[in-house]
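Reviewing the structure listed below.
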Amino acid sequence: MDALRRKSVALALFTATLVVMALVGLGWALFHLSEPAQHQVIYVLTGASLIAVGAIFSAPLPARIPMRITLTPTACLVCASALPAPWVIVCVAVGASAAKVLTRYPRSASVHKAVHNISKDIVAAMLAAAVMSLYDVRPTFDRAVGVDLPIQRCLFAIASAALVIWLLDELATTTAVCLSTGRKFKAMLRYMWQMRLIVGVTEAVISGVAATLISLDKRAFIILPVAMLVLHGVLSLRLKLREERRVWEKLAALIDALTTREFDEVLRTAARGAVDLFGARAAEVEVGASRRLVRADGDALVVYDGAASGAPRLEGVGPPSIVQEVGAEVAGVHGVLRIYLQGPRDVLTPRERSTMRALASAISTSVDIAFAYQRLSEESAGHALAATQDAVTGLSNRMAFTRRVVEAEGTDSCHLIAIGLENFKFISEAIGRDRADSVLAKLAQRLERSFREHQAAVGRIGDHEFGVAVWASSEAKAYQRACWAVSNLRREVQDGGQSVAVRASAGMVSGPRADAEELLKLAERRMRRSVQQGRDLLVATTEQPGPLTLGAELRNSRMSISFRPIVDLASGATVLAQALPRWLYSPYEVLSADEYVYQLIDDQEVLDALTETTLTRSLAAAQTWRAKLSHAGLVIPVPGRSVNAKLVQAVGNLLGKFDAPPATLVLAIAPSEGIQDLDAYRGLRRSGVRFMLQEFGSGDRSLELLSAAEFDFVSVHAAYALDGGWSTARSTIRAAVDLGRDLDMSVVVPGVVDEQHRRELLQLGCSLGAGPLFGDETFPSEFRDNISRQRRFEPVAVDVHAVRLRRHRAGGITQTGGARRAGRAGAG
């Protein structure tokens with residue numbers, strides 16, 4: 001407020017100075033005024049009219065700067081070259097005052113401005129007359145300029161007077177505008193200086209031409225007001241066209257500047273550009289759900305950027321003159337653009353309203369684009385962080401952990417420790433995922449604190465595994481610290497008022513940092529081997545450990561065998577027994593002997609050994625119940641890659657060892673495995689061994705395998721069981737039945753839950769089935785006891801539309817060829 005008061009006082013003093021100078025000049029003129037002749041009064045009236053026309057018909061400068069381009073200086077120069085000096089001053093005073101009255105200037109809000117302009121024009125007339133007198137150019141009513149003086153002197157006098165008037169007009173007007181609006185003086189001088197200079201030169205030229213015409217004929221002075229009107233029209237049109245071009249060029253440059261990806265820069269550019277484009281005292285852009293506000297002042301400088309609720313009030317500025325919504329008609333970021341103009345009566349012209357709408361549309365588009373790029377950048381940063389950091393524990397993930405170890409500065413060697421939480425999976429299932437994540441995060445913090453004093457890196461390398469790398473330390477120290485850390489992890493964790501303890505074990509290796517990934521895998525294998533062997537070690541480490549493979553680990557693992565009955569759907573009699581071998585891979589993990597495990601074993605010798613072990617253990621376990629089901633076939637899954645000469649020899653030895661007819665052995669092959677040695681396959685079939693194609697419908701190789709080899713049974717994939725509710729199941733079962741009829745195979749369908757499923761499968765033409773209705777899988781002794789009990793199903797009448805099972809495919813020994821001879825030999 002003090003600054004505004006000081007500027008108001010300075011403006012009043014400046015205006016008072018002009019008023020005093022004008023009164024002095026007017027008093028001098030009235031004192032020296034000579035009465036004209038009656039025929040010369042027309043020149044006085046013409047001079048006053050010329051001044052009035054020049055003051056009334058003015059063209060405002062753009063951007064709402066309180067400055068106007070008037071023809072009053074031109075009128076003053078013309079009057080100074082045609083009338084005596086006292087009458088020039090009087091004509092200017094009368095004409096300027098009449099113009100203010102006609103334009104209704106004398107209002108309470110504009111009296112000060114009117115007095116300032118009239119005083120300035122009178123002082124300009126005084127200076128023009130004085131400059132002309134210095135060149136001895138003193139026109140009278142009877143004698144015009146250039147009658148008895150050289151024309152060059154007259155033109156120099158007019159040019160000098162024009163320069164003085166132009167300088168006075170620029171300095172006085174610029175000073176008054178700066179004091180009233182607070183704009184900087186240098187900025188006002190630079191504003192459209194080219195246009196203002198051109199106007200000043202044009203006024204001097206027009207004055208010279210008018211003076212020349214008046215010197216030729218004094219009566220030409222009378223028609224100058226009309227010429228002044230024509231000149232005003234031309235000047236106004238020129239200024240309007242120039243302003244139109246300037247505004248659209250500025251708008252285009254502003255829209256181009258708004259096309260940036262930076263959200264902050266878009267808002268700041270929009271606020272500054274709005275001030276410059278509309279000549280406003282201030283502009284605000286408020287956008288987003290958070291109501292962020294950016295404000296620029298009259299100098300196009302950002303003075304506030306933050307929450308709208310915390311924005312300070314604008315000093316000396318009323319409510320916003322224009323409020324334009326941003327993004328109101330589109331789906332995106334919404335906001336508002338506020339423009340504070342110079343005065344309470346300022347409004348936008350139709351052209352400016354169009355410009356405002358174009359600017360609001362450009363701001364909306366740019367804000368949406370910048371906001372989208374900002375969201376994209378945030379999501380990209382989040383994805384980059386998620387790609388290297390675990391969301392639960394905040395530790396580096398496996399990839400980032402190994403990269404950090406490789407890129408770490410220090411010695412070339414390091415010690416890698418893999419820590420596994422053995423029972424964490426079961427803890428997670430018991431207490432829930434959220435609480436388990438909380439426990440895991442606390443364990444991660446505990447592990448980080450354990451290695452805080454060492455040059456080490458900690459990461460989460462698996463679902464319930466941590467990795468630690470230690471360098472710049474001896475192996476003994478790293479081992480002792482690892483043991484302490486693992487024992488620390490075994491301590492109870494308090495979560496939700498409940499104590500939870502995990503069983504943690506670790507494996508440790510040492511080696512070059514460049515091989516961090518391989519070292520980490522080796523440390524994990526050591527840790528798992530220790531767990532599998534039941535050795536309760538905190539940290540497992542050896543001097544020269546050899547690489548471990550899945551096959552080697554399985555050969556050292558225990559195997560369990562269970563059986564599941566496969567029955568004749570029509571009679572309910574058990575005709576096949578499905579062996580389900582499994583490896584006890586760890587105290588808490590069991591692996592089924594199927595293609596999902598076999599596909600990971602590359603060593604053929606190991607695979608053949610595992611296959612022979614599976615056959616041996618299955619045939620041995622079958623002896624438990626063989627006396628109860630002497631004719632039932634035993635189905636044993638084997639990998640297709642193991643069907644070779646070794647398997648032919650092993651099968652012959654095992655059948656002889658357990659005194660089992662070949663027809664009672666059914667080897668189940670998965671489609672993904674295939675059969676590579678067809679000669680060995682044919683040898684097994686000639687000996688009486690039968691084959692089953694497992695998991696029919698699970699892949700695209702089932703038909704390929706059926707075309708390459710003959711099978712006695714085809715087992716539909718468990719996903720196509722009728723109790724699964726999959727509409728495709730019936731179509732797949734029908735396809736299997738059609739293939740079974742054409743290729744002389746029996747169809748086995750799993751997942752038979754109730755009698756309705758059983759009857760429906762019989763209607764579809766299925767021969768054999770398994771599922772809860774006939775008994776789940778059990779261990780050998782339980783399987784034998786179930787057989788000894790009374791049969792659960794009595795033979796039922798077969799529907800007339802059902803396909804009756806072929807007897808030689810019913811599961812017993814084939815009654816043809818060698819199998820018939822084997823039956824006579826005592827196999828039934």
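Residues in the structure tokens are numbered from 1 in each chain, the chains being A, B, ... in the order shown, and ligands are numbered from 1 in the order shown.
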* To do: Enumerate, as a ChimeraX atom specification, the complete set of residues in segment 481-613 of chain A that a backbone-based DSSP assignment places in helix (DSSP H, G or I).
  => /A:481-489,513-532,550-555,595-598,604-613
Dump of N, CA and C atoms for the selected residues, as a compact mmCIF listing (two decimals), in the first residue's frame:
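Saved the output as out21.txt:
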```
# COMPACT_ATOMS: atom_id res chain seq x y z
N ARG A 481 29.78 -64.48 10.39
CA ARG A 481 28.70 -63.50 10.33
C ARG A 481 27.44 -64.12 9.72
N ALA A 482 27.59 -65.00 8.74
CA ALA A 482 26.44 -65.65 8.13
C ALA A 482 25.73 -66.56 9.13
N CYS A 483 26.50 -67.30 9.93
CA CYS A 483 25.89 -68.16 10.96
C CYS A 483 25.12 -67.31 11.97
N TRP A 484 25.73 -66.21 12.38
CA TRP A 484 25.05 -65.33 13.34
C TRP A 484 23.76 -64.77 12.74
N ALA A 485 23.79 -64.39 11.45
CA ALA A 485 22.61 -63.82 10.80
C ALA A 485 21.49 -64.85 10.69
N VAL A 486 21.84 -66.10 10.33
CA VAL A 486 20.82 -67.13 10.20
C VAL A 486 20.20 -67.46 11.56
N SER A 487 21.04 -67.54 12.58
CA SER A 487 20.49 -67.78 13.92
C SER A 487 19.61 -66.63 14.36
N ASN A 488 19.96 -65.44 13.95
CA ASN A 488 19.13 -64.27 14.26
C ASN A 488 17.78 -64.36 13.56
N LEU A 489 17.76 -64.89 12.33
CA LEU A 489 16.50 -65.05 11.61
C LEU A 489 15.61 -66.10 12.27
N ARG A 513 33.68 -62.16 -8.23
CA ARG A 513 32.42 -61.42 -8.31
C ARG A 513 31.82 -61.47 -9.71
N ALA A 514 32.63 -61.64 -10.72
CA ALA A 514 32.11 -61.69 -12.09
C ALA A 514 31.18 -62.87 -12.31
N ASP A 515 31.34 -63.93 -11.52
CA ASP A 515 30.49 -65.13 -11.64
C ASP A 515 29.43 -65.15 -10.54
N ALA A 516 28.88 -63.99 -10.22
CA ALA A 516 27.95 -63.89 -9.10
C ALA A 516 26.71 -64.76 -9.31
N GLU A 517 26.18 -64.79 -10.53
CA GLU A 517 24.97 -65.57 -10.78
C GLU A 517 25.22 -67.06 -10.58
N GLU A 518 26.32 -67.55 -11.11
CA GLU A 518 26.64 -68.96 -10.94
C GLU A 518 26.94 -69.30 -9.48
N LEU A 519 27.65 -68.41 -8.81
CA LEU A 519 27.93 -68.64 -7.39
C LEU A 519 26.65 -68.68 -6.57
N LEU A 520 25.70 -67.81 -6.92
CA LEU A 520 24.44 -67.78 -6.19
C LEU A 520 23.67 -69.08 -6.39
N LYS A 521 23.66 -69.59 -7.62
CA LYS A 521 22.98 -70.87 -7.86
C LYS A 521 23.65 -71.99 -7.06
N LEU A 522 24.97 -71.99 -7.01
CA LEU A 522 25.69 -73.01 -6.26
C LEU A 522 25.39 -72.92 -4.77
N ALA A 523 25.32 -71.69 -4.26
CA ALA A 523 24.99 -71.51 -2.84
C ALA A 523 23.58 -72.02 -2.55
N GLU A 524 22.64 -71.79 -3.47
CA GLU A 524 21.29 -72.30 -3.28
C GLU A 524 21.28 -73.82 -3.26
N ARG A 525 22.05 -74.45 -4.13
CA ARG A 525 22.08 -75.92 -4.16
C ARG A 525 22.67 -76.49 -2.89
N ARG A 526 23.69 -75.85 -2.36
CA ARG A 526 24.26 -76.32 -1.10
C ARG A 526 23.24 -76.21 0.02
N MET A 527 22.54 -75.12 0.03
CA MET A 527 21.52 -74.93 1.06
C MET A 527 20.44 -75.99 0.94
N ARG A 528 19.97 -76.27 -0.27
CA ARG A 528 18.90 -77.26 -0.47
C ARG A 528 19.38 -78.67 -0.17
N ARG A 529 20.62 -78.97 -0.55
CA ARG A 529 21.12 -80.32 -0.25
C ARG A 529 21.20 -80.53 1.25
N SER A 530 21.61 -79.53 1.98
CA SER A 530 21.67 -79.64 3.44
C SER A 530 20.29 -79.89 4.02
N VAL A 531 19.28 -79.21 3.45
CA VAL A 531 17.91 -79.39 3.94
C VAL A 531 17.41 -80.79 3.60
N GLN A 532 17.70 -81.27 2.37
CA GLN A 532 17.23 -82.58 1.95
C GLN A 532 17.84 -83.70 2.80
N LEU A 550 19.64 -81.96 -11.02
CA LEU A 550 18.37 -82.45 -10.52
C LEU A 550 18.34 -83.97 -10.50
N GLY A 551 18.90 -84.60 -11.53
CA GLY A 551 18.91 -86.06 -11.58
C GLY A 551 19.68 -86.66 -10.43
N ALA A 552 20.84 -86.08 -10.14
CA ALA A 552 21.64 -86.60 -9.03
C ALA A 552 20.91 -86.43 -7.71
N GLU A 553 20.23 -85.29 -7.55
CA GLU A 553 19.49 -85.08 -6.31
C GLU A 553 18.34 -86.07 -6.18
N LEU A 554 17.66 -86.38 -7.29
CA LEU A 554 16.55 -87.33 -7.23
C LEU A 554 17.04 -88.75 -6.94
N ARG A 555 18.21 -89.10 -7.47
CA ARG A 555 18.74 -90.45 -7.22
C ARG A 555 19.05 -90.65 -5.74
N GLU A 595 6.37 -86.17 -16.57
CA GLU A 595 7.15 -85.48 -17.61
C GLU A 595 7.61 -84.10 -17.18
N TYR A 596 6.94 -83.49 -16.19
CA TYR A 596 7.35 -82.16 -15.75
C TYR A 596 8.70 -82.20 -15.03
N VAL A 597 9.06 -83.36 -14.48
CA VAL A 597 10.37 -83.54 -13.86
C VAL A 597 11.35 -84.11 -14.87
N TYR A 598 10.89 -85.08 -15.66
CA TYR A 598 11.79 -85.73 -16.60
C TYR A 598 12.35 -84.75 -17.64
N GLN A 604 21.14 -88.80 -20.03
CA GLN A 604 20.37 -89.99 -20.38
C GLN A 604 20.62 -91.14 -19.43
N GLU A 605 21.84 -91.30 -18.97
CA GLU A 605 22.13 -92.39 -18.04
C GLU A 605 21.38 -92.19 -16.73
N VAL A 606 21.36 -90.96 -16.25
CA VAL A 606 20.61 -90.69 -15.01
C VAL A 606 19.12 -90.93 -15.23
N LEU A 607 18.60 -90.52 -16.39
CA LEU A 607 17.18 -90.72 -16.68
C LEU A 607 16.84 -92.21 -16.73
N ASP A 608 17.71 -93.01 -17.38
CA ASP A 608 17.46 -94.45 -17.44
C ASP A 608 17.50 -95.07 -16.04
N ALA A 609 18.44 -94.61 -15.22
CA ALA A 609 18.53 -95.14 -13.86
C ALA A 609 17.29 -94.80 -13.04
N LEU A 610 16.79 -93.57 -13.19
CA LEU A 610 15.58 -93.17 -12.48
C LEU A 610 14.38 -93.99 -12.96
N THR A 611 14.31 -94.25 -14.27
CA THR A 611 13.21 -95.05 -14.81
C THR A 611 13.25 -96.47 -14.25
N GLU A 612 14.42 -97.05 -14.19
CA GLU A 612 14.55 -98.41 -13.65
C GLU A 612 14.18 -98.43 -12.17
N THR A 613 14.57 -97.37 -11.44
CA THR A 613 14.19 -97.29 -10.03
C THR A 613 12.68 -97.22 -9.87
```
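Take atom CA of Arg784 of chain A and atom CA of Ser560 of chain A: the distance between them is 16.2 Å.
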* **segment 18-140 of chain A: residues DSSP assigns to strand (DSSP E), reported as a list in words** =>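 Everything in segment 18-140 of chain A that counts as strand (DSSP E) is Ala59, Pro60, Arg68 and Ile69 of chain A.
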Just-selected residues, C-alpha atoms written as a PDB file, in the first residue's frame:
```
ATOM      1  CA  ALA A  59      -6.247   4.962 -32.035  1.00  0.00           C
ATOM      2  CA  PRO A  60      -5.511   2.999 -28.819  1.00  0.00           C
ATOM      3  CA  ARG A  68      -3.351   6.219 -27.505  1.00  0.00           C
ATOM      4  CA  ILE A  69      -1.911   7.341 -30.787  1.00  0.00           C
TER       5      ILE A  69
END
```
* To do: Tell me, as a PyMOL selection string, which residues lie within 6 Å of Arg398 of chain A, counting only C-alpha atoms; anything in the same chain fewer than 2 positions away does not count.
  => chain A and resi 400-401+461
